Each structure stands twice: as structure tokens, then as C-alpha cells.
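coords.cif (mmCIF, C-alpha atoms)
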```
data_query
#
loop_
_atom_site.label_atom_id
_atom_site.label_comp_id
_atom_site.auth_asym_id
_atom_site.auth_seq_id
_atom_site.Cartn_x
_atom_site.Cartn_y
_atom_site.Cartn_z
CA MET A 1 76.49 -42.09 -35.43
CA ASN A 2 75.37 -38.55 -35.83
CA ARG A 3 72.80 -39.48 -38.44
CA VAL A 4 71.37 -42.18 -36.25
CA GLY A 5 71.07 -39.70 -33.33
CA GLU A 6 69.48 -37.15 -35.55
CA GLY A 7 66.95 -39.69 -36.73
CA ARG A 8 66.06 -40.64 -33.20
CA CYS A 9 65.63 -37.01 -32.20
CA ALA A 10 63.46 -36.38 -35.22
CA LEU A 11 61.26 -39.35 -34.36
CA SER A 12 61.00 -38.21 -30.76
CA HIS A 13 60.14 -34.65 -31.70
CA PRO A 14 58.44 -34.68 -35.05
CA ASP A 15 56.83 -31.22 -34.69
CA GLY A 16 59.67 -28.96 -33.74
CA ASP A 17 63.20 -28.40 -32.73
CA PRO A 18 64.50 -31.47 -30.88
CA MET A 19 66.78 -29.33 -28.71
CA THR A 20 63.99 -27.10 -27.36
CA GLN A 21 61.07 -29.50 -26.88
CA THR A 22 60.74 -31.91 -23.99
CA ALA A 23 58.10 -34.55 -23.35
CA THR A 24 55.68 -33.79 -20.48
CA ALA A 25 53.97 -36.57 -18.57
CA PRO A 26 50.30 -36.08 -17.61
CA ASP A 27 49.69 -34.67 -14.08
CA ARG A 28 47.77 -37.43 -12.33
CA SER A 29 47.36 -35.38 -9.09
CA THR A 30 44.72 -33.05 -10.69
CA PRO A 31 41.24 -34.65 -10.70
CA PRO A 32 39.39 -34.65 -13.99
CA GLU A 33 36.74 -31.99 -14.53
CA PRO A 34 33.18 -33.23 -13.93
CA LEU A 35 31.05 -33.75 -16.96
CA PRO A 36 28.17 -31.28 -17.44
CA PRO A 37 24.76 -32.68 -16.48
CA THR A 38 22.82 -34.12 -19.31
CA THR A 39 19.30 -33.11 -20.26
CA SER A 40 17.81 -36.23 -18.70
CA THR A 41 19.66 -35.55 -15.41
CA ARG A 42 18.37 -31.98 -15.27
CA SER A 43 14.82 -33.11 -15.99
CA ALA A 44 14.95 -35.68 -13.19
CA ALA A 45 16.23 -33.06 -10.74
CA GLN A 46 13.49 -30.64 -11.75
CA ARG A 47 10.83 -33.33 -11.30
CA ARG A 48 12.12 -34.15 -7.82
CA LYS A 49 12.12 -30.45 -6.90
CA ALA A 50 8.56 -30.01 -8.19
CA LEU A 51 7.39 -33.08 -6.25
CA LEU A 52 8.99 -31.72 -3.08
CA ILE A 53 7.30 -28.33 -3.53
CA TRP A 54 3.89 -29.93 -4.08
CA ALA A 55 4.41 -32.20 -1.08
CA VAL A 56 5.08 -29.16 1.11
CA ILE A 57 2.19 -26.96 -0.09
CA SER A 58 -0.43 -29.66 -0.61
CA PRO A 59 -1.63 -29.63 3.06
CA ALA A 60 -2.20 -25.88 2.87
CA ILE A 61 -4.03 -26.23 -0.45
CA LEU A 62 -6.21 -28.98 1.02
CA LEU A 63 -7.11 -26.87 4.06
CA ILE A 64 -7.90 -23.84 1.89
CA ALA A 65 -10.12 -26.00 -0.33
CA LEU A 66 -11.94 -27.55 2.63
CA PHE A 67 -12.50 -24.42 4.70
CA PHE A 68 -12.70 -21.66 2.07
CA VAL A 69 -13.21 -22.70 -1.55
CA ILE A 70 -15.86 -25.38 -0.98
CA PRO A 71 -17.90 -23.28 1.52
CA VAL A 72 -17.83 -20.31 -0.87
CA ILE A 73 -19.06 -22.49 -3.73
CA GLN A 74 -21.80 -23.93 -1.51
CA ALA A 75 -22.83 -20.42 -0.40
CA VAL A 76 -23.09 -19.19 -3.98
CA ARG A 77 -25.10 -22.30 -4.86
CA MET A 78 -27.37 -21.73 -1.86
CA SER A 79 -27.96 -18.10 -2.89
CA PHE A 80 -29.72 -19.36 -6.02
CA SER A 81 -31.88 -21.76 -4.03
CA GLU A 82 -34.72 -21.82 -1.55
CA TRP A 83 -34.19 -23.72 1.69
CA GLY A 84 -35.70 -23.42 5.13
CA GLY A 85 -33.04 -25.30 7.05
CA VAL A 86 -34.53 -28.77 6.65
CA GLY A 87 -35.77 -30.76 3.71
CA GLU A 88 -34.84 -30.55 0.07
CA ILE A 89 -33.05 -27.58 -1.49
CA THR A 90 -35.03 -26.09 -4.38
CA PHE A 91 -33.35 -24.11 -7.17
CA ASP A 92 -34.86 -20.63 -7.28
CA GLY A 93 -32.81 -18.80 -9.91
CA TRP A 94 -32.25 -15.08 -9.46
CA ASP A 95 -35.30 -14.55 -7.22
CA ASN A 96 -33.25 -14.13 -4.03
CA TYR A 97 -31.06 -11.46 -5.61
CA GLN A 98 -34.03 -9.66 -7.11
CA ASP A 99 -35.82 -9.61 -3.77
CA THR A 100 -32.65 -8.37 -2.06
CA VAL A 101 -31.93 -5.45 -4.40
CA GLN A 102 -35.60 -4.43 -4.34
CA SER A 103 -35.74 -4.44 -0.54
CA GLY A 104 -35.57 -1.14 1.27
CA LEU A 105 -34.28 -2.91 4.37
CA PHE A 106 -31.21 -4.08 2.46
CA TYR A 107 -30.24 -0.54 1.47
CA ARG A 108 -30.86 0.80 4.97
CA SER A 109 -28.71 -1.97 6.39
CA LEU A 110 -26.01 -1.28 3.80
CA PHE A 111 -26.00 2.41 4.71
CA ILE A 112 -25.83 1.65 8.44
CA THR A 113 -23.03 -0.84 7.83
CA LEU A 114 -21.01 1.66 5.79
CA VAL A 115 -21.43 4.37 8.43
CA PHE A 116 -20.47 1.96 11.18
CA ALA A 117 -17.45 0.56 9.27
CA VAL A 118 -16.07 3.86 7.97
CA ILE A 119 -16.36 5.78 11.25
CA SER A 120 -15.06 2.84 13.28
CA SER A 121 -12.04 2.22 11.04
CA ALA A 122 -11.23 5.93 10.86
CA GLY A 123 -11.40 6.25 14.65
CA ILE A 124 -9.33 3.10 15.19
CA VAL A 125 -6.59 4.13 12.78
CA THR A 126 -6.43 7.70 14.10
CA ILE A 127 -6.25 6.74 17.78
CA ALA A 128 -3.84 3.86 17.15
CA THR A 129 -1.53 6.09 15.10
CA LEU A 130 -1.39 8.79 17.75
CA LEU A 131 -0.82 6.25 20.53
CA ALA A 132 1.89 4.45 18.58
CA ALA A 133 3.64 7.74 17.80
CA ALA A 134 3.59 8.75 21.47
CA VAL A 135 4.89 5.39 22.70
CA SER A 136 7.58 5.15 20.01
CA GLN A 137 8.89 8.55 21.12
CA GLY A 138 9.36 7.23 24.65
CA VAL A 139 6.51 8.95 26.48
CA ARG A 140 6.44 8.28 30.22
CA GLY A 141 4.76 4.98 31.02
CA SER A 142 5.22 3.61 27.50
CA ARG A 143 5.69 0.03 28.76
CA PHE A 144 2.40 0.22 30.60
CA TYR A 145 0.59 1.52 27.53
CA ARG A 146 1.97 -1.32 25.40
CA VAL A 147 0.04 -3.76 27.61
CA VAL A 148 -3.07 -1.87 28.65
CA TRP A 149 -4.12 -0.91 25.12
CA PHE A 150 -3.89 -4.50 23.94
CA VAL A 151 -6.02 -5.99 26.75
CA PRO A 152 -9.41 -5.28 25.07
CA ALA A 153 -8.16 -6.94 21.87
CA VAL A 154 -7.67 -10.29 23.61
CA ALA A 155 -10.95 -10.17 25.53
CA PRO A 156 -13.85 -12.25 24.11
CA SER A 157 -16.10 -10.07 21.97
CA ALA A 158 -19.23 -11.51 23.57
CA ALA A 159 -17.96 -10.62 27.04
CA VAL A 160 -17.09 -7.11 25.87
CA ALA A 161 -20.58 -6.65 24.43
CA VAL A 162 -22.25 -7.86 27.62
CA TYR A 163 -20.12 -5.58 29.80
CA TRP A 164 -20.81 -2.46 27.75
CA ASN A 165 -24.48 -3.30 27.43
CA THR A 166 -24.61 -3.28 31.21
CA ALA A 167 -22.47 -0.14 31.44
CA PHE A 168 -24.88 1.85 29.25
CA GLN A 169 -27.97 0.93 31.26
CA PRO A 170 -29.72 4.01 32.72
CA GLY A 171 -29.35 4.54 36.44
CA THR A 172 -27.21 1.49 37.20
CA GLY A 173 -24.63 1.42 34.42
CA THR A 174 -21.03 2.58 34.83
CA PHE A 175 -21.35 5.06 31.99
CA ASN A 176 -24.39 6.72 33.52
CA ALA A 177 -22.75 6.69 36.94
CA LEU A 178 -19.84 8.68 35.50
CA LEU A 179 -22.28 11.13 33.92
CA GLY A 180 -23.98 11.56 37.27
CA ALA A 181 -20.64 12.13 38.99
CA VAL A 182 -19.91 15.13 36.74
CA GLY A 183 -23.36 16.63 37.25
CA LEU A 184 -25.10 15.28 34.14
CA SER A 185 -28.15 13.06 33.93
CA ASP A 186 -27.60 9.44 34.90
CA ARG A 187 -30.70 8.32 33.02
CA THR A 188 -29.44 8.53 29.44
CA THR A 189 -30.73 5.79 27.17
CA LEU A 190 -28.29 5.81 24.29
CA LEU A 191 -28.89 2.19 23.30
CA ALA A 192 -32.67 2.54 23.46
CA ASP A 193 -32.91 5.66 21.30
CA PRO A 194 -32.90 5.01 17.51
CA ALA A 195 -31.20 8.36 16.94
CA THR A 196 -28.21 7.57 19.20
CA ALA A 197 -28.03 3.75 19.33
CA LEU A 198 -25.26 3.52 16.73
CA ILE A 199 -22.96 5.89 18.67
CA PRO A 200 -22.18 3.55 21.61
CA VAL A 201 -21.86 0.62 19.19
CA ILE A 202 -19.16 2.50 17.27
CA PHE A 203 -17.49 3.54 20.51
CA VAL A 204 -17.27 -0.03 21.79
CA ASN A 205 -15.96 -1.32 18.46
CA VAL A 206 -13.23 1.33 18.46
CA TRP A 207 -12.36 0.61 22.08
CA VAL A 208 -11.96 -3.11 21.49
CA SER A 209 -10.07 -2.82 18.18
CA VAL A 210 -7.51 -0.09 18.87
CA GLY A 211 -5.04 -2.44 20.56
CA PHE A 212 -4.28 -4.62 17.53
CA ALA A 213 -3.84 -1.64 15.19
CA PHE A 214 -1.71 0.07 17.84
CA LEU A 215 0.75 -2.84 18.01
CA LEU A 216 1.11 -3.07 14.22
CA LEU A 217 1.73 0.65 13.82
CA LEU A 218 4.05 0.73 16.81
CA GLY A 219 6.20 -2.00 15.26
CA ALA A 220 6.36 -0.08 11.98
CA MET A 221 7.33 3.16 13.72
CA GLU A 222 10.02 1.54 15.85
CA ALA A 223 11.55 0.06 12.71
CA ILE A 224 12.33 3.57 11.41
CA PRO A 225 16.07 4.30 11.93
CA THR A 226 16.77 6.85 14.64
CA SER A 227 19.27 8.55 12.32
CA VAL A 228 16.34 9.81 10.25
CA TYR A 229 14.91 11.69 13.22
CA GLU A 230 18.34 12.91 14.28
CA ALA A 231 18.90 14.42 10.86
CA ALA A 232 15.48 16.06 11.01
CA ARG A 233 16.23 17.54 14.43
CA ILE A 234 19.51 18.93 13.14
CA ASP A 235 17.56 20.59 10.32
CA GLY A 236 15.28 22.20 12.91
CA ALA A 237 12.16 20.02 12.50
CA GLY A 238 10.01 19.72 15.60
CA ARG A 239 8.05 16.66 16.72
CA ILE A 240 4.89 17.63 14.84
CA ARG A 241 6.82 18.26 11.63
CA GLN A 242 8.66 14.96 12.05
CA PHE A 243 5.36 13.15 12.54
CA PHE A 244 3.75 14.47 9.37
CA SER A 245 6.87 14.62 7.16
CA LEU A 246 8.70 11.47 8.28
CA THR A 247 6.64 9.08 10.38
CA LEU A 248 3.43 9.02 8.37
CA PRO A 249 5.10 8.68 4.93
CA LEU A 250 7.41 5.92 6.17
CA VAL A 251 4.62 3.85 7.76
CA ARG A 252 2.12 4.47 4.94
CA PRO A 253 2.20 0.83 3.66
CA VAL A 254 1.40 -0.54 7.13
CA LEU A 255 -1.14 2.23 7.68
CA ALA A 256 -2.95 1.29 4.46
CA ILE A 257 -3.05 -2.39 5.42
CA VAL A 258 -4.32 -1.63 8.93
CA ALA A 259 -7.02 0.70 7.59
CA THR A 260 -8.16 -1.90 5.05
CA LEU A 261 -8.27 -4.69 7.63
CA GLN A 262 -10.19 -2.57 10.13
CA LEU A 263 -12.70 -1.54 7.45
CA ILE A 264 -13.30 -5.18 6.47
CA TRP A 265 -13.53 -6.39 10.07
CA ALA A 266 -15.94 -3.60 11.03
CA PHE A 267 -18.05 -4.31 7.95
CA ASN A 268 -18.33 -7.97 9.01
CA ASN A 269 -18.70 -7.30 12.73
CA PHE A 270 -21.62 -9.16 14.21
CA THR A 271 -20.86 -9.96 17.85
CA ILE A 272 -20.50 -6.39 19.11
CA VAL A 273 -23.63 -5.16 17.33
CA TRP A 274 -25.78 -8.13 18.29
CA GLY A 275 -24.52 -8.20 21.86
CA LEU A 276 -25.29 -4.52 22.41
CA THR A 277 -28.53 -3.89 20.50
CA ARG A 278 -29.54 -7.04 18.54
CA GLY A 279 -29.88 -4.69 15.59
CA GLY A 280 -32.37 -2.43 17.35
CA PRO A 281 -34.09 -0.45 18.49
CA GLY A 282 -36.20 -1.18 15.46
CA GLU A 283 -33.70 -1.27 12.62
CA ALA A 284 -31.42 1.52 13.86
CA THR A 285 -28.34 -0.72 14.14
CA THR A 286 -29.28 -3.51 11.73
CA THR A 287 -26.03 -4.02 9.83
CA LEU A 288 -25.67 -6.52 7.00
CA PRO A 289 -24.29 -9.31 9.24
CA VAL A 290 -27.30 -8.85 11.55
CA LEU A 291 -29.61 -8.89 8.53
CA VAL A 292 -28.05 -12.17 7.35
CA TYR A 293 -28.42 -13.70 10.83
CA ARG A 294 -32.05 -12.68 11.12
CA ALA A 295 -32.94 -13.98 7.65
CA ALA A 296 -31.20 -17.32 8.17
CA PHE A 297 -31.69 -18.25 11.80
CA LEU A 298 -34.78 -16.32 12.85
CA GLU A 299 -36.82 -16.38 9.63
CA GLY A 300 -35.43 -19.61 8.16
CA ASP A 301 -34.77 -18.12 4.71
CA TYR A 302 -31.27 -19.38 4.01
CA GLY A 303 -31.42 -18.54 0.31
CA ALA A 304 -32.08 -14.84 0.91
CA ALA A 305 -29.50 -14.77 3.71
CA THR A 306 -26.75 -16.22 1.52
CA ALA A 307 -27.69 -13.85 -1.31
CA VAL A 308 -27.08 -10.90 1.02
CA ALA A 309 -23.82 -12.52 2.20
CA VAL A 310 -22.60 -13.03 -1.38
CA ILE A 311 -23.36 -9.40 -2.27
CA SER A 312 -21.56 -8.21 0.87
CA GLY A 313 -18.55 -10.43 0.18
CA THR A 314 -18.29 -9.22 -3.41
CA PHE A 315 -18.44 -5.62 -2.24
CA LEU A 316 -15.66 -6.23 0.30
CA ILE A 317 -13.45 -7.92 -2.30
CA ILE A 318 -13.78 -4.87 -4.55
CA VAL A 319 -13.07 -2.49 -1.65
CA GLY A 320 -10.02 -4.50 -0.57
CA PHE A 321 -8.66 -4.66 -4.11
CA ILE A 322 -9.06 -0.90 -4.58
CA ALA A 323 -7.42 -0.21 -1.22
CA MET A 324 -4.42 -2.41 -2.02
CA ARG A 325 -4.01 -0.85 -5.46
CA PHE A 326 -4.17 2.61 -3.92
CA SER A 327 -1.58 1.61 -1.35
CA GLN A 328 0.80 0.29 -4.02
CA SER A 329 0.44 3.40 -6.17
CA ARG A 330 1.12 5.64 -3.17
CA GLN A 331 4.23 3.60 -2.33
CA ALA A 332 5.54 4.01 -5.87
#
```
Using C-alpha cells, write down the structure from this file.
Amino acid sequence: MNRVGEGRCALSHPDGDPMTQTATAPDRSTPPEPLPPTTSTRSAAQRRKALLIWAVISPAILLIALFFVIPVIQAVRMSFSEWGGVGEITFDGWDNYQDTVQSGLFYRSLFITLVFAVISSAGIVTIATLLAAAVSQGVRGSRFYRVVWFVPAVAPSAAVAVYWNTAFQPGTGTFNALLGAVGLSDRTTLLADPATALIPVIFVNVWVSVGFAFLLLLGAMEAIPTSVYEAARIDGAGRIRQFFSLTLPLVRPVLAIVATLQLIWAFNNFTIVWGLTRGGPGEATTTLPVLVYRAAFLEGDYGAATAVAVISGTFLIIVGFIAMRFSQSRQA
């Protein structure tokens, strides 16, 4: 009897002591672990994800191709051709570029454009920075300034040019009326004098562009934590020291972007210049956009006009790239 029991225990527990081991039934309440995805499953998921991404971005790519890439390619092609606006386009090689770089008018227009763009962008950024700093510090009437400085930015550029052209007229213009009210001559002809014609053009461009730069810089300044200024005040820093040591360094990335955008926009500005002076008197305010317009639509030389436009665009791309690289290095 004992031997039979021992044999049964040994058969039931072949690997150990029959008195200490017990049989355990599998726990059916615990779900089985999921199998890892196979290579084919992962590949299918990645393909679906890639198709979804392309489906989302394809409309944007199509619009960029239609309204940017294809026109740029056509403009470059046109710059190597001769076309008067109608008829067949004739390939002309490098003649348009050679005529452009050998033209004294091109270099005068480039110089005028650089003066106009640099002074305008510098004035816009300086005024917008000071206004944004004053409003962010809670100067009296800050809500009013938020609105009034942005009004010129939303006004049509053509309407702005017409208004200021009228305002600068001798005798009847608002500007001359103000000069007469303070005892000065009300017969000044700033727009008609080649030596001073660019000054009112720069003034109007600054006046109409300050609002947008002001809002961008104001948003950047208001994003600075107030604890930073509180710590500076505890250390004895005044408002001027806070502005130069805290505000400007903290908004430098936005400041660099605003300055670059204003430089590019002023370089390409056509409406303000044409509406005020039509590039005159003579060639005193003939910027590159005005030169392109005259060559294409007044002289019918679309090849030369697009050659000037391609050179201007290449120059702006280089300027923008340098400005962004400078901004990144300053941030680091």
C-alpha cells in the first residue's frame, strides 16, 4: 500500500519532493499578451501614415507650385528672352543682363532703393520699438495707441499715396498749411524738388508701416514675464536700464524678423513711390520696382524688366538669408 502510494506520488511529481509541490492550474482570467507587430504590419502602417501626410500637404504644395514656383520659372525664362507684350517670344541669351549691368540708370535706381529701404526700415523699427515699450509699460492711453497706430497699416496703399500727395501740395496741402500756421513758408515743394523728393516718400512709408511692426513687437514685449522686471527693480535698475538690458535682448529674435521683413517690403515697395512721385522728378525717386514697371508697361521691354526683377529678387534672397543667419547666431 505504501509502495503504491509512493509510486503515484512520484508519477504526479516527477521533478521534486511530492510533499512540497502542488499542481497549479492556469489562470484563465488574465488575457494573453498581444503579439508584437510583424514587419509587414509596421510597413503597412507607415505607408498609411505617409499617404495621410501627403494628402494633407498636397493642396499647399499645389498652390505653391501654381502661384510661386511656376511664375518664378517663367520670369527667369522671360529674362533671357525678348518680348514686347504681344507676338512670339524670342530667346535673347544674356543680352538683357548685360544691358542691365551696363546701365547707369540701374545702379542709380539700386542706390535710391537701398537708401529708401534702409532708412525706412530703420525708422520703422526704431519708432515701433519705442512705442511698443511705452505701451507695454502701461503708459496713459495705451489702449487708444494700440488702435490708432494700426489704422494706417490697414488703409489701402493707393489711398494713402493719394492723400499724402495732396497733403504735400504747395499752398493747399495739409502739410504746407501746418507750416504756415507755425510761421514757415506754405509754398514748399518737397515732392517737386529732386534734392528733397525722397524725404516725403520715406516719411509716408514709415508712417504707413509702423503699425504692423508695433503690434509684433508689442506682443513680444508683453510675453516677457513681469517677474523679470520686478527682479530688476529690486536690483535698482531704472526703466532705461531695463529697456536696454532686458527688453531689447529678450525681443531680439522678433526684432530681427521685423527688421528683415520691413527691409524686404520697403525694397519691393511700388505703390507708395509711384502714387507720390511716379519715380520723379526726373529719376530722383526711381526705385527698382518703378524701373521694372516703366520697362515693362511703359516701354514694352518685358525681357529687360524681368532681368532687373530677377537680379533684385536674388539680392533680396541673399539679404534675407544673411539676416536670418545673423539673428540665429545672436540668439545662440
Report the residues retrieved by the PyMOL selection byres ((chain A and resi 146-151) around 9) from the displayed file, expressed as a ChimeraX atom specification.
-> /A:132,135,141-145,152-155,207-212,214-215
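For the atom pair formed by CA of Val319 (chain A) and CA of Leu263 (chain A), the distance is 9.2 Å, given to one decimal.
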Arg187 (chain A) surroundings by only C-alpha atoms, 7 Å radius, close-in-sequence under 6 positions cut, as an MDAnalysis selection string = chainID A and resid 170:171 176
Output C-alpha atoms for every residue in that selection, as an mmCIF file, in the coordinates of the input.
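File produced: again_14.cif:
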```cif
data_model
loop_
_atom_site.group_PDB
_atom_site.id
_atom_site.type_symbol
_atom_site.label_atom_id
_atom_site.label_comp_id
_atom_site.auth_asym_id
_atom_site.auth_seq_id
_atom_site.Cartn_x
_atom_site.Cartn_y
_atom_site.Cartn_z
ATOM 1 C CA PRO A 170 -29.720 4.010 32.720
ATOM 2 C CA GLY A 171 -29.350 4.540 36.440
ATOM 3 C CA ASN A 176 -24.390 6.720 33.520
#
```
If you count all atoms listed in the file, the residue of A:Phe321, A:Phe111, A:Phe168, A:Tyr293 closest to Ala309 (chain A) turns out to be A:Tyr293
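Residue nearest Tyr163 (chain A), chosen from A:Leu288, A:Ile112, A:Ala75, A:Val204 and counting all atoms listed in the file: A:Val204.
When CA of Asp301 (chain A) is paired with CA of Asn268 (chain A), their separation reads 19.8 Å.
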How many Å separate CA of Leu218 (chain A) from CA of Ala128 (chain A)?
-> 8.5 Å
Contacts of Ile199 (chain A) at 12 Å (only C-alpha atoms; same-chain gap of 2+ positions) as a PyMOL selection string | chain A and resi 112+115-116+119-120+168+189-197+201-206+273+276-277+284-285
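Residues in contact with Ala307 (chain A) at up to 8 Å, not including ones fewer than 6 positions away on its chain and judged by only C-alpha atoms, are Val76, Met78, Ser79, Phe80, Asn96, Tyr97 and Thr100 of chain A.
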What would the list of residues within 9 Å of (-9.5, -4.4, 4.5) (file frame) look like as a PyMOL selection string, if all atoms listed in the file are what count?
-> chain A and resi 256-265+316-317+319-321+323-324
Expansion of the PyMOL selection byres ((chain A and resi 91) around 7) into residues, as a PyMOL selection string = chain A and resi 80-82+89-90+92-93
So what does the PyMOL selection byres ((chain A and resi 250) around 12) actually pick up in this one, as a ChimeraX atom specification?
-> /A:217,220-225,228-229,242-249,251-256,330-331
